[in-house]
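File shown: protein07.cif (mmCIF, C-alpha atoms (C1' of nucleotides)).
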```
data_data
#
loop_
_atom_site.label_atom_id
_atom_site.label_comp_id
_atom_site.auth_asym_id
_atom_site.auth_seq_id
_atom_site.Cartn_x
_atom_site.Cartn_y
_atom_site.Cartn_z
CA MET U 1 -15.03 -35.04 11.91
CA THR U 2 -12.04 -35.01 14.26
CA GLU U 3 -10.94 -38.40 12.94
CA GLN U 4 -8.59 -36.70 10.47
CA LEU U 5 -6.80 -34.75 13.20
CA LYS U 6 -6.66 -37.86 15.38
CA ASP U 7 -4.93 -39.75 12.57
CA HIS U 8 -2.49 -36.93 12.14
CA ILE U 9 -1.59 -36.86 15.82
CA LEU U 10 -1.16 -40.63 15.97
CA LYS U 11 1.36 -40.46 13.16
CA PHE U 12 3.73 -38.69 15.51
CA VAL U 13 2.84 -39.54 19.12
CA THR U 14 0.73 -41.92 21.19
CA PRO U 15 -1.16 -40.04 23.87
CA PRO U 16 -3.45 -41.84 26.33
CA GLU U 17 -6.94 -42.07 24.83
CA SER U 18 -8.38 -39.77 27.49
CA GLU U 19 -5.92 -36.94 26.75
CA LEU U 20 -6.46 -37.32 23.04
CA GLN U 21 -10.23 -37.22 23.41
CA SER U 22 -10.33 -34.20 25.65
CA PHE U 23 -8.16 -32.41 23.12
CA LEU U 24 -10.34 -33.42 20.16
CA ASN U 25 -13.44 -32.45 22.11
CA VAL U 26 -12.43 -28.84 22.46
CA MET U 27 -11.61 -28.44 18.77
CA GLU U 28 -14.37 -26.49 17.06
CA PHE U 29 -15.39 -27.18 13.49
CA GLU U 30 -15.81 -24.31 11.05
CA ASN U 31 -16.70 -23.95 7.40
CA ILE U 32 -14.79 -21.17 5.64
CA GLU U 33 -15.70 -20.19 2.13
CA ASN U 34 -13.29 -19.03 -0.53
CA LYS U 35 -11.92 -15.51 0.04
CA GLN U 36 -13.23 -15.41 3.61
CA TYR U 37 -10.74 -14.11 6.18
CA ILE U 38 -9.97 -15.97 9.37
CA LEU U 39 -7.57 -13.23 10.47
CA LYS U 40 -7.23 -9.62 9.42
CA GLU U 41 -4.48 -7.10 9.93
CA ARG U 42 -4.58 -5.42 13.34
CA GLN U 43 -6.80 -8.12 14.83
CA TYR U 44 -5.55 -10.33 17.63
CA CYS U 45 -5.15 -13.89 16.40
CA LYS U 46 -7.40 -15.90 18.69
CA PHE U 47 -7.12 -19.40 17.24
CA GLN U 48 -4.80 -22.03 15.97
CA TYR U 49 -6.35 -23.84 12.99
CA PHE U 50 -6.01 -27.38 11.70
CA ILE U 51 -6.99 -27.52 8.02
CA LEU U 52 -9.27 -30.44 7.24
CA LYS U 53 -9.88 -29.45 3.65
CA GLY U 54 -9.07 -26.52 1.43
CA CYS U 55 -6.32 -23.98 1.14
CA PHE U 56 -5.30 -20.75 2.85
CA ARG U 57 -2.74 -18.06 2.31
CA SER U 58 -1.33 -15.58 4.75
CA PHE U 59 -0.17 -12.25 3.40
CA PHE U 60 0.50 -8.67 4.31
CA ILE U 61 0.28 -5.39 2.44
CA ASN U 62 3.62 -3.65 1.96
CA LYS U 63 4.30 0.08 1.95
CA LYS U 64 3.49 0.35 -1.73
CA GLY U 65 0.11 -1.31 -1.18
CA VAL U 66 1.17 -4.59 -2.78
CA GLU U 67 0.05 -7.95 -1.32
CA LYS U 68 2.94 -10.17 -0.24
CA VAL U 69 2.08 -13.82 0.30
CA VAL U 70 4.09 -15.23 3.19
CA ASN U 71 2.66 -18.75 3.46
CA PHE U 72 0.22 -21.24 2.11
CA GLY U 73 -1.54 -23.88 4.16
CA ILE U 74 -3.34 -26.99 2.97
CA GLU U 75 -4.89 -30.19 4.31
CA ASP U 76 -3.36 -31.54 7.54
CA TRP U 77 -1.39 -28.42 8.28
CA TRP U 78 -1.62 -26.29 11.38
CA LEU U 79 -2.08 -22.63 10.63
CA THR U 80 -1.92 -19.49 12.72
CA ASN U 81 -0.03 -16.26 13.03
CA PHE U 82 2.24 -17.32 15.87
CA ASP U 83 3.46 -13.86 16.64
CA SER U 84 -0.06 -12.60 17.21
CA PHE U 85 -1.37 -15.84 18.73
CA ILE U 86 1.43 -16.42 21.21
CA ASN U 87 2.34 -12.88 22.15
CA GLN U 88 -1.20 -11.52 21.86
CA THR U 89 -0.12 -8.67 19.64
CA PRO U 90 -2.07 -7.14 16.74
CA SER U 91 -1.50 -9.11 13.58
CA GLU U 92 0.45 -7.70 10.65
CA LEU U 93 -0.77 -10.61 8.55
CA ASN U 94 -4.07 -11.50 6.96
CA ILE U 95 -5.11 -15.11 6.64
CA GLN U 96 -7.61 -15.79 3.90
CA ALA U 97 -9.15 -18.89 2.36
CA ALA U 98 -7.96 -19.53 -1.19
CA GLU U 99 -10.62 -22.24 -1.63
CA ASP U 100 -13.80 -23.30 0.12
CA SER U 101 -12.34 -24.87 3.24
CA GLN U 102 -13.02 -26.66 6.49
CA VAL U 103 -11.03 -26.28 9.66
CA LEU U 104 -10.85 -27.28 13.29
CA LYS U 105 -9.88 -24.45 15.59
CA ILE U 106 -8.78 -24.03 19.20
CA SER U 107 -8.34 -20.93 21.32
CA LYS U 108 -5.08 -20.04 23.03
CA GLN U 109 -6.62 -20.44 26.45
CA LYS U 110 -7.86 -23.94 25.78
CA LEU U 111 -4.67 -24.99 24.07
CA ASP U 112 -2.58 -23.67 26.95
CA ASP U 113 -4.70 -25.61 29.43
CA ILE U 114 -4.21 -28.82 27.50
CA LEU U 115 -0.50 -28.29 27.08
CA LYS U 116 -0.13 -27.84 30.81
CA GLU U 117 -1.34 -31.40 31.29
CA SER U 118 -0.38 -33.53 28.35
CA LEU U 119 3.18 -34.69 27.76
CA GLU U 120 2.36 -36.35 24.46
CA LEU U 121 0.55 -33.37 23.00
CA ASN U 122 3.50 -31.19 23.89
CA ARG U 123 5.65 -33.71 22.06
CA TYR U 124 3.25 -33.54 19.12
CA PHE U 125 3.42 -29.78 18.78
CA ARG U 126 7.15 -29.77 19.39
CA ILE U 127 7.66 -32.30 16.61
CA ILE U 128 5.41 -30.33 14.25
CA LEU U 129 7.38 -27.18 15.01
CA GLU U 130 10.65 -28.96 14.35
CA LYS U 131 9.34 -29.82 10.91
CA VAL U 132 8.21 -26.25 10.36
CA ARG U 133 11.66 -25.05 11.37
CA ILE U 134 13.29 -27.37 8.88
CA ALA U 135 10.97 -26.13 6.13
CA ASP U 136 11.58 -22.48 7.02
CA GLN U 137 15.32 -23.00 7.00
CA ARG U 138 15.20 -24.70 3.63
CA ARG U 139 13.06 -21.90 2.29
CA ILE U 140 15.45 -19.24 3.51
CA GLN U 141 18.30 -21.20 1.96
CA PHE U 142 16.45 -21.34 -1.36
CA MET U 143 15.65 -17.64 -1.26
CA TYR U 144 19.36 -16.95 -0.84
CA THR U 145 20.74 -19.05 -3.64
CA LEU U 146 18.18 -19.68 -6.31
CA SER U 147 17.26 -17.38 -9.17
CA GLY U 148 13.58 -16.68 -9.80
CA GLU U 149 13.47 -19.33 -12.47
CA GLU U 150 15.11 -21.91 -10.22
CA LEU U 151 12.76 -21.06 -7.35
CA TYR U 152 9.79 -21.69 -9.59
CA THR U 153 11.25 -24.94 -10.91
CA VAL U 154 12.02 -26.24 -7.43
CA PHE U 155 8.59 -25.22 -6.16
CA CYS U 156 6.92 -27.08 -9.01
CA GLU U 157 9.01 -30.17 -8.31
CA TYR U 158 8.27 -30.20 -4.59
CA ASN U 159 4.57 -29.26 -4.93
CA PRO U 160 3.46 -30.54 -8.32
CA ASP U 161 -0.25 -30.80 -7.51
CA PHE U 162 -0.35 -27.57 -5.56
CA VAL U 163 0.77 -25.31 -8.40
CA GLN U 164 -2.64 -25.65 -10.06
CA ARG U 165 -4.51 -24.79 -6.88
CA VAL U 166 -3.74 -21.10 -6.52
CA PRO U 167 -3.69 -18.17 -8.95
CA GLN U 168 -0.30 -17.45 -10.39
CA TYR U 169 -0.08 -13.98 -8.94
CA MET U 170 -0.23 -15.54 -5.46
CA LEU U 171 2.48 -17.99 -6.36
CA ALA U 172 4.66 -15.25 -7.81
CA SER U 173 4.18 -13.24 -4.64
CA TYR U 174 5.02 -16.25 -2.46
CA LEU U 175 8.19 -16.90 -4.45
CA GLY U 176 9.16 -13.26 -4.09
CA PHE U 177 8.68 -11.76 -7.51
CA THR U 178 6.10 -10.10 -9.75
CA PRO U 179 3.39 -11.87 -11.78
CA GLU U 180 4.92 -10.34 -14.92
CA PHE U 181 8.21 -12.03 -14.19
CA LEU U 182 6.54 -15.36 -13.48
CA SER U 183 4.80 -15.03 -16.81
CA LYS U 184 8.17 -14.49 -18.47
CA ILE U 185 9.57 -17.59 -16.79
CA ARG U 186 6.64 -19.75 -17.85
CA ARG U 187 6.90 -18.60 -21.43
CA LYS U 188 10.62 -19.28 -21.52
CA ARG U 189 10.07 -22.82 -20.21
CA LYS U 190 7.53 -23.67 -22.86
CA LEU U 191 9.59 -22.54 -25.84
CA MET I 1 28.51 -24.57 34.60
CA THR I 2 24.96 -25.67 33.82
CA GLU I 3 23.56 -22.86 35.96
CA GLN I 4 23.16 -20.66 32.89
CA LEU I 5 21.07 -23.25 31.08
CA LYS I 6 19.04 -23.87 34.22
CA ASP I 7 18.22 -20.18 34.45
CA HIS I 8 17.20 -20.16 30.83
CA ILE I 9 14.86 -23.09 31.27
CA LEU I 10 13.29 -21.63 34.39
CA LYS I 11 12.44 -18.48 32.47
CA PHE I 12 9.94 -20.49 30.48
CA VAL I 13 8.87 -23.56 32.45
CA THR I 14 9.02 -25.08 35.93
CA PRO I 15 10.04 -28.72 35.75
CA PRO I 16 10.39 -30.83 38.89
CA GLU I 17 13.91 -30.51 40.24
CA SER I 18 14.67 -34.17 39.50
CA GLU I 19 13.77 -33.87 35.81
CA LEU I 20 15.72 -30.70 35.49
CA GLN I 21 18.78 -32.19 37.15
CA SER I 22 18.80 -35.34 35.09
CA PHE I 23 18.62 -33.18 31.99
CA LEU I 24 21.42 -30.89 33.10
CA ASN I 25 23.50 -33.91 34.09
CA VAL I 26 23.61 -35.31 30.58
CA MET I 27 24.63 -32.00 29.01
CA GLU I 28 28.32 -32.14 28.10
CA PHE I 29 30.51 -29.07 28.30
CA GLU I 30 32.82 -28.22 25.43
CA ASN I 31 35.27 -25.46 24.61
CA ILE I 32 35.25 -24.42 20.95
CA GLU I 33 37.86 -22.05 19.67
CA ASN I 34 37.34 -19.44 16.98
CA LYS I 35 37.02 -20.91 13.48
CA GLN I 36 36.62 -24.44 14.79
CA TYR I 37 33.78 -26.40 13.21
CA ILE I 38 31.15 -28.23 15.24
CA LEU I 39 29.48 -29.52 12.08
CA LYS I 40 30.75 -29.93 8.55
CA GLU I 41 28.95 -30.49 5.27
CA ARG I 42 28.07 -34.15 4.69
CA GLN I 43 28.48 -35.05 8.34
CA TYR I 44 25.52 -36.22 10.39
CA CYS I 45 24.62 -33.65 13.00
CA LYS I 46 24.94 -35.55 16.28
CA PHE I 47 24.25 -32.83 18.83
CA GLN I 48 22.05 -29.99 19.81
CA TYR I 49 24.09 -27.17 21.36
CA PHE I 50 23.31 -24.57 23.96
CA ILE I 51 25.68 -21.64 23.63
CA LEU I 52 27.07 -20.51 26.98
CA LYS I 53 29.45 -17.98 25.54
CA GLY I 54 30.62 -16.93 22.12
CA CYS I 55 29.21 -16.83 18.64
CA PHE I 56 28.59 -19.29 15.82
CA ARG I 57 27.48 -19.06 12.24
CA SER I 58 25.97 -21.73 10.05
CA PHE I 59 26.61 -21.50 6.34
CA PHE I 60 26.73 -23.48 3.15
CA ILE I 61 28.73 -23.21 -0.03
CA ASN I 62 26.64 -22.44 -3.11
CA LYS I 63 27.23 -23.70 -6.65
CA LYS I 64 29.61 -20.85 -7.40
CA GLY I 65 31.70 -21.71 -4.35
CA VAL I 66 30.51 -18.72 -2.34
CA GLU I 67 29.79 -19.02 1.40
CA LYS I 68 26.19 -18.20 2.32
CA VAL I 69 25.56 -17.50 6.01
CA VAL I 70 22.16 -18.84 7.03
CA ASN I 71 22.19 -18.14 10.76
CA PHE I 72 24.09 -16.75 13.66
CA GLY I 73 23.88 -18.03 17.20
CA ILE I 74 24.96 -16.33 20.41
CA GLU I 75 24.71 -16.72 24.18
CA ASP I 76 21.61 -18.53 25.45
CA TRP I 77 20.55 -19.78 22.05
CA TRP I 78 20.05 -23.38 21.05
CA LEU I 79 21.90 -24.30 17.90
CA THR I 80 21.80 -27.29 15.60
CA ASN I 81 21.05 -28.26 12.04
CA PHE I 82 17.55 -29.61 12.66
CA ASP I 83 17.25 -31.25 9.29
CA SER I 84 20.35 -33.31 9.86
CA PHE I 85 19.83 -33.76 13.61
CA ILE I 86 16.18 -34.84 13.48
CA ASN I 87 16.10 -36.76 10.23
CA GLN I 88 19.62 -38.11 10.55
CA THR I 89 20.56 -36.98 7.06
CA PRO I 90 23.94 -35.65 5.88
CA SER I 91 24.22 -31.95 6.61
CA GLU I 92 24.30 -29.36 3.85
CA LEU I 93 25.34 -26.79 6.41
CA ASN I 94 28.56 -26.07 8.23
CA ILE I 95 28.49 -24.70 11.75
CA GLN I 96 31.59 -22.82 12.77
CA ALA I 97 32.61 -20.74 15.76
CA ALA I 98 32.97 -17.04 14.96
CA GLU I 99 34.59 -16.41 18.35
CA ASP I 100 36.19 -18.52 21.07
CA SER I 101 33.13 -20.17 22.54
CA GLN I 102 31.73 -22.48 25.16
CA VAL I 103 28.77 -24.76 24.73
CA LEU I 104 26.74 -27.48 26.39
CA LYS I 105 25.76 -30.27 24.04
CA ILE I 106 23.41 -33.23 24.05
CA SER I 107 23.05 -36.16 21.67
CA LYS I 108 19.81 -36.99 19.88
CA GLN I 109 19.50 -40.28 21.71
CA LYS I 110 19.78 -38.71 25.12
CA LEU I 111 17.51 -35.83 24.25
CA ASP I 112 14.88 -38.21 22.90
CA ASP I 113 15.01 -40.24 26.09
CA ILE I 114 14.47 -37.17 28.20
CA LEU I 115 11.66 -35.89 26.04
CA LYS I 116 9.86 -39.19 26.37
CA GLU I 117 9.60 -38.57 30.10
CA SER I 118 9.40 -34.90 30.83
CA LEU I 119 6.30 -32.85 30.13
CA GLU I 120 7.92 -29.59 31.15
CA LEU I 121 11.00 -30.04 29.01
CA ASN I 122 8.78 -30.76 26.04
CA ARG I 123 6.99 -27.55 26.85
CA TYR I 124 10.33 -25.78 27.06
CA PHE I 125 11.50 -26.89 23.65
CA ARG I 126 8.07 -26.28 22.15
CA ILE I 127 8.07 -22.73 23.48
CA ILE I 128 11.60 -22.14 22.18
CA LEU I 129 10.57 -23.42 18.76
CA GLU I 130 7.54 -21.15 18.71
CA LYS I 131 9.88 -18.24 19.23
CA VAL I 132 12.18 -19.50 16.51
CA ARG I 133 9.18 -19.78 14.18
CA ILE I 134 8.18 -16.21 14.89
CA ALA I 135 11.71 -15.03 14.18
CA ASP I 136 11.93 -17.04 10.96
CA GLN I 137 8.60 -15.66 9.75
CA ARG I 138 9.66 -12.13 10.48
CA ARG I 139 12.92 -12.71 8.70
CA ILE I 140 11.17 -14.06 5.61
CA GLN I 141 8.84 -11.07 5.70
CA PHE I 142 11.82 -8.71 5.84
CA MET I 143 13.57 -10.49 3.00
CA TYR I 144 10.47 -9.99 0.88
CA THR I 145 9.90 -6.32 1.45
CA LEU I 146 13.02 -4.56 2.47
CA SER I 147 15.76 -3.28 0.21
CA GLY I 148 19.35 -4.12 1.05
CA GLU I 149 19.82 -0.80 2.76
CA GLU I 150 16.66 -1.21 4.82
CA LEU I 151 17.65 -4.77 5.79
CA TYR I 152 20.94 -3.48 7.12
CA THR I 153 19.30 -0.61 8.97
CA VAL I 154 16.72 -2.89 10.58
CA PHE I 155 19.37 -5.45 11.50
CA CYS I 156 21.48 -2.76 13.17
CA GLU I 157 18.47 -1.52 15.11
CA TYR I 158 17.45 -4.96 16.33
CA ASN I 159 20.99 -6.17 17.06
CA PRO I 160 23.03 -3.07 17.85
CA ASP I 161 25.71 -4.82 19.90
CA PHE I 162 25.96 -7.80 17.59
CA VAL I 163 26.94 -5.85 14.48
CA GLN I 164 30.43 -5.33 15.88
CA ARG I 165 30.92 -9.01 16.70
CA VAL I 166 31.24 -10.51 13.25
CA PRO I 167 33.17 -9.52 10.13
CA GLN I 168 31.14 -7.51 7.67
CA TYR I 169 31.38 -10.06 4.92
CA MET I 170 29.51 -12.52 7.13
CA LEU I 171 26.84 -9.96 7.88
CA ALA I 172 26.48 -9.11 4.20
CA SER I 173 26.11 -12.78 3.40
CA TYR I 174 23.54 -13.25 6.17
CA LEU I 175 21.53 -10.31 4.87
CA GLY I 176 21.67 -11.73 1.37
CA PHE I 177 24.04 -9.51 -0.50
CA THR I 178 27.71 -9.01 -1.33
CA PRO I 179 30.32 -7.38 0.90
CA GLU I 180 30.88 -4.80 -1.86
CA PHE I 181 27.26 -3.77 -1.66
CA LEU I 182 27.35 -3.55 2.12
CA SER I 183 30.38 -1.34 1.81
CA LYS I 184 28.41 0.90 -0.53
CA ILE I 185 25.53 1.10 1.94
CA ARG I 186 27.80 1.96 4.83
CA ARG I 187 29.51 4.68 2.87
CA LYS I 188 26.19 6.18 1.82
CA ARG I 189 24.95 6.26 5.42
CA LYS I 190 28.02 8.14 6.66
CA LEU I 191 27.89 10.92 4.06
"C1'" DT S 1 -24.71 -15.12 -23.46
"C1'" DT S 2 -23.17 -11.18 -22.34
"C1'" DA S 3 -21.14 -7.61 -19.56
"C1'" DA S 4 -17.87 -6.85 -16.08
"C1'" DA S 5 -14.33 -8.04 -13.22
"C1'" DA S 6 -10.20 -10.62 -12.33
"C1'" DA S 7 -6.10 -12.81 -13.96
"C1'" DA S 8 -2.39 -13.49 -17.24
"C1'" DT S 9 0.61 -12.01 -21.03
"C1'" DT S 10 3.74 -9.05 -23.70
"C1'" DA S 11 7.05 -5.63 -24.50
"C1'" DA S 12 9.76 -1.45 -23.48
"C1'" DT S 13 12.26 0.78 -20.08
"C1'" DC S 14 14.54 1.19 -15.69
"C1'" DT S 15 17.19 0.06 -11.29
"C1'" DA S 16 19.04 -2.43 -7.21
"C1'" DG S 17 22.41 -5.09 -6.54
"C1'" DA S 18 26.04 -8.49 -8.75
"C1'" DT S 19 30.45 -8.98 -10.80
"C1'" DT S 20 35.11 -7.95 -11.65
"C1'" DA S 21 39.30 -6.13 -10.56
"C1'" DA S 22 42.29 -3.25 -8.02
"C1'" DG S 23 44.01 -1.10 -4.08
"C1'" DA S 24 43.81 0.14 0.97
"C1'" DA S 25 43.21 -1.08 5.86
"C1'" DA S 26 43.32 -3.94 9.35
"C1'" DT S 27 44.79 -8.14 11.74
"C1'" DG S 28 47.69 -11.86 12.75
"C1'" DT S 29 52.21 -14.09 12.97
"C1'" DT S 30 57.33 -14.55 13.23
"C1'" DA Y 1 59.17 -4.13 12.95
"C1'" DA Y 2 57.96 -6.45 8.88
"C1'" DC Y 3 55.63 -9.74 6.28
"C1'" DA Y 4 51.56 -12.32 5.05
"C1'" DT Y 5 46.89 -12.94 5.30
"C1'" DT Y 6 42.40 -11.50 5.88
"C1'" DT Y 7 39.05 -7.96 5.52
"C1'" DC Y 8 37.15 -3.74 3.53
"C1'" DT Y 9 36.56 -0.20 0.03
"C1'" DT Y 10 36.11 1.98 -4.53
"C1'" DA Y 11 34.70 2.28 -9.14
"C1'" DA Y 12 33.26 0.60 -13.72
"C1'" DT Y 13 30.36 -2.43 -15.96
"C1'" DC Y 14 26.62 -5.72 -16.26
"C1'" DT Y 15 22.09 -8.28 -15.40
"C1'" DA Y 16 17.99 -10.30 -13.10
"C1'" DG Y 17 14.02 -8.80 -12.12
"C1'" DA Y 18 10.90 -4.41 -11.27
"C1'" DT Y 19 7.93 -1.08 -13.27
"C1'" DT Y 20 4.64 0.71 -16.40
"C1'" DA Y 21 1.22 0.32 -19.51
"C1'" DA Y 22 -1.42 -1.82 -22.99
"C1'" DT Y 23 -3.71 -6.17 -24.54
"C1'" DT Y 24 -5.63 -10.66 -24.10
"C1'" DT Y 25 -7.57 -14.39 -21.73
"C1'" DT Y 26 -10.25 -16.38 -18.11
"C1'" DT Y 27 -13.66 -16.29 -14.59
"C1'" DT Y 28 -17.67 -14.52 -12.40
"C1'" DA Y 29 -22.08 -13.06 -12.10
"C1'" DA Y 30 -26.58 -10.92 -13.87
#
```
Please lay out the structure from this file as structure tokens.
Amino acid sequence: MTEQLKDHILKFVTPPESELQSFLNVMEFENIENKQYILKERQYCKFQYFILKGCFRSFFINKKGVEKVVNFGIEDWWLTNFDSFINQTPSELNIQAAEDSQVLKISKQKLDDILKESLELNRYFRIILEKVRIADQRRIQFMYTLSGEELYTVFCEYNPDFVQRVPQYMLASYLGFTPEFLSKIRRKRKL
Amino acid sequence: MTEQLKDHILKFVTPPESELQSFLNVMEFENIENKQYILKERQYCKFQYFILKGCFRSFFINKKGVEKVVNFGIEDWWLTNFDSFINQTPSELNIQAAEDSQVLKISKQKLDDILKESLELNRYFRIILEKVRIADQRRIQFMYTLSGEELYTVFCEYNPDFVQRVPQYMLASYLGFTPEFLSKIRRKRKL
DNA sequence: TTAAAAAATTAATCTAGATTAAGAAATGTT
DNA sequence: AACATTTCTTAATCTAGATTAATTTTTTAA
């Protein structure tokens, strides 16, 4: 069950077997069904999740009561609300399964303990975060320059198989516009 | 000269003195005057910079030839183009001093060597990146929900002293709109 | 297998912010 | 002090995308 996470870790670093095992041993498996929440607004985010299978979205509700999707997460991604997890503050975000999913989770306490000891696992998480930073930067760059239509086109190019996986209104929200406008774009592209 | 960086590190982690010193010893000091570039489009980003004093902006030129400011960096921040630095790809970003500045820099090779050895410095950079991630997420959230006027208001609240430090056209660009529109906002707020 | 709920489309209208173009301040340089 | 350059402002016009509201299609569940 933890084989998948082990493989992922070994792609980036090579910890001593003992460190790796004691990390994998504290990861807890959980089945999450579609639409189930693993974090709700105002809760304290207690876990960092590694997605074995399935799909999640994190979103918040804006002043007008509209859902805004901030992120998606799929297989082999780490997922949490860092702000709430790290700083132990109430979450502004919800995290909800967008498919029937399976995860491994670890509490802050246990993760902290491990990261006090293991050089390689610190390297691992540092490297992951560097990748996240690169993705965030690219996303911000895209948000600045691309029109709605271009955003959609680029997203489809970069994530061809993912586009089918979530409802369009979530995708529209993630890309920063309304479902009506996405509909307009899609129509235009077909004609 | 490296005292400032040492203090910064010790705020977050407690490496053995020897590790800390060998890290500080490889940091190279550099004076950068206003408007000087430390990275230009198409170059490979060779260094990660710690800003001792001054201010930098990173920006790119969009298809229409307009400068888009992606980030600012000030005292006690680490600055680089991660995509170019980590993946050794040609940079799409420029990084330019917005004031006369002083930095400490380190090459990828040397940083990698150090991070192969030091648990605590891995922790340090991991913790920094977690903070960066939180900031990026918050920024994306703001970009989604806030109007131009609200973005400006929030930015002024969070960075009251910084607003004075850079020309308004850079700020407008960073916030994602035109200098003309920022001018409009500012006028409206005074009346 | 049909009702009900959720998701997607269409079209008309509306608005935040872009664009263009000009002039006014501010800043830098000799 | 005077010129050039850079930055900021104003105002008129324009447009990408929002909003509203009705309709259709798809999915879910009894």
(request) List the neighbours of Phe177 of chain I out to 8 Å using only C-alpha atoms (C1' of nucleotides); skip same-chain residues closer than 5 positions along the sequence, and give me the result as a PyMOL selection string. (result) (chain I and resi 148+172+182) or (chain S and resi 17)
(request) Compile the residues of chain I that lie within 6 Å of chain U, evaluated using all atoms listed in the file, and express the compilation as an MDAnalysis selection string. (result) chainID I and resid 83 119 122:123 126 134
(message) Suppose a student applies the PyMOL selection byres ((chain I) within 10 of (chain Y)) to this structure; what residues should they get, written as number ranges by chain?
(response) I: 167-169, 179-180, 182-184, 187
Closest contacts (chain S/chain I, max 12 Å, only C-alpha atoms (C1' of nucleotides)) as a Markdown table:
```
| residue | atom | partner | partner_atom | distance |
| --- | --- | --- | --- | --- |
| S:DA16 | C1' | I:Ser147 | CA | 8.2 |
| S:DG17 | C1' | I:Phe181 | CA | 7.0 |
| S:DA18 | C1' | I:Thr178 | CA | 7.6 |
| S:DT19 | C1' | I:Thr178 | CA | 9.9 |
| S:DT20 | C1' | I:Glu180 | CA | 11.1 |
| S:DA26 | C1' | I:Pro167 | CA | 11.6 |
| S:DT27 | C1' | I:Pro167 | CA | 11.8 |
```
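If you look at atom CA of Lys53 of chain I and atom CA of Glu30 of chain I, they are 10.8 Å away from each other.
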(message) Would you compute the distance between atom CA of Phe12 of chain I and atom CA of Ile74 of chain I? Give it in Å to one decimal.
(response) 18.6 Å
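One finds atom CA of Ile114 of chain I at 21.6 Å from atom CA of Leu20 of chain U.
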Residue neighbourhood Val103 of chain I, 8 Å, all atoms listed in the file, exclusion window fewer than 4 positions, as a short mmCIF file (atom, residue, chain, number, x, y, z; two decimals) with C-alpha atoms, in the coordinates of the input:
```cif
data_model
loop_
_atom_site.label_atom_id
_atom_site.label_comp_id
_atom_site.auth_asym_id
_atom_site.auth_seq_id
_atom_site.Cartn_x
_atom_site.Cartn_y
_atom_site.Cartn_z
CA PHE I 29 30.51 -29.07 28.30
CA GLU I 30 32.82 -28.22 25.43
CA ASN I 31 35.27 -25.46 24.61
CA ILE I 32 35.25 -24.42 20.95
CA TYR I 49 24.09 -27.17 21.36
CA PHE I 50 23.31 -24.57 23.96
CA ILE I 51 25.68 -21.64 23.63
CA LEU I 52 27.07 -20.51 26.98
CA LYS I 53 29.45 -17.98 25.54
#
```
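Proximity to Met1 of chain I was assessed for I:Arg42, I:Leu104, I:Thr14, I:Glu67 counting all atoms listed in the file; the smallest distance is recorded for I:Leu104.
Proximity of I:Phe155, I:Phe85, I:Phe162, I:Phe56 to Gly73 of chain I, computed with only C-alpha atoms, is greatest for I:Phe56.
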What are the centre and edge lengths in Å, to one decimal, of the axis-aligned box around all listed atoms of segment 65-68 of chain U with 6 Å added on each side, as AutoDock Vina command-line options?
```
--center_x 1.5 --center_y -5.7 --center_z -1.5 --size_x 14.9 --size_y 20.9 --size_z 14.5
```
(message) Measuring between only C-alpha atoms, which one of I:Asp113, I:Gln164, I:Phe47, I:Val154 shows the shortest distance to Glu19 of chain I?
(response) I:Asp113
Segment 88-101 of chain U written out with C-alpha atoms as a short mmCIF file (atom, residue, chain, number, x, y, z; two decimals), in the first residue's frame:
```
data_model
loop_
_atom_site.label_atom_id
_atom_site.label_comp_id
_atom_site.auth_asym_id
_atom_site.auth_seq_id
_atom_site.Cartn_x
_atom_site.Cartn_y
_atom_site.Cartn_z
CA GLN U 88 -2.08 25.93 12.93
CA THR U 89 -4.62 28.53 11.92
CA PRO U 90 -8.27 27.94 10.97
CA SER U 91 -8.55 27.04 7.32
CA GLU U 92 -10.14 29.37 4.79
CA LEU U 93 -10.13 26.52 2.30
CA ASN U 94 -12.18 23.39 1.89
CA ILE U 95 -10.60 20.26 0.47
CA GLN U 96 -13.04 17.84 -1.09
CA ALA U 97 -12.75 14.64 -3.09
CA ALA U 98 -13.79 15.06 -6.72
CA GLU U 99 -13.69 11.27 -7.23
CA ASP U 100 -13.64 8.19 -5.02
CA SER U 101 -10.08 8.38 -3.72
#
```
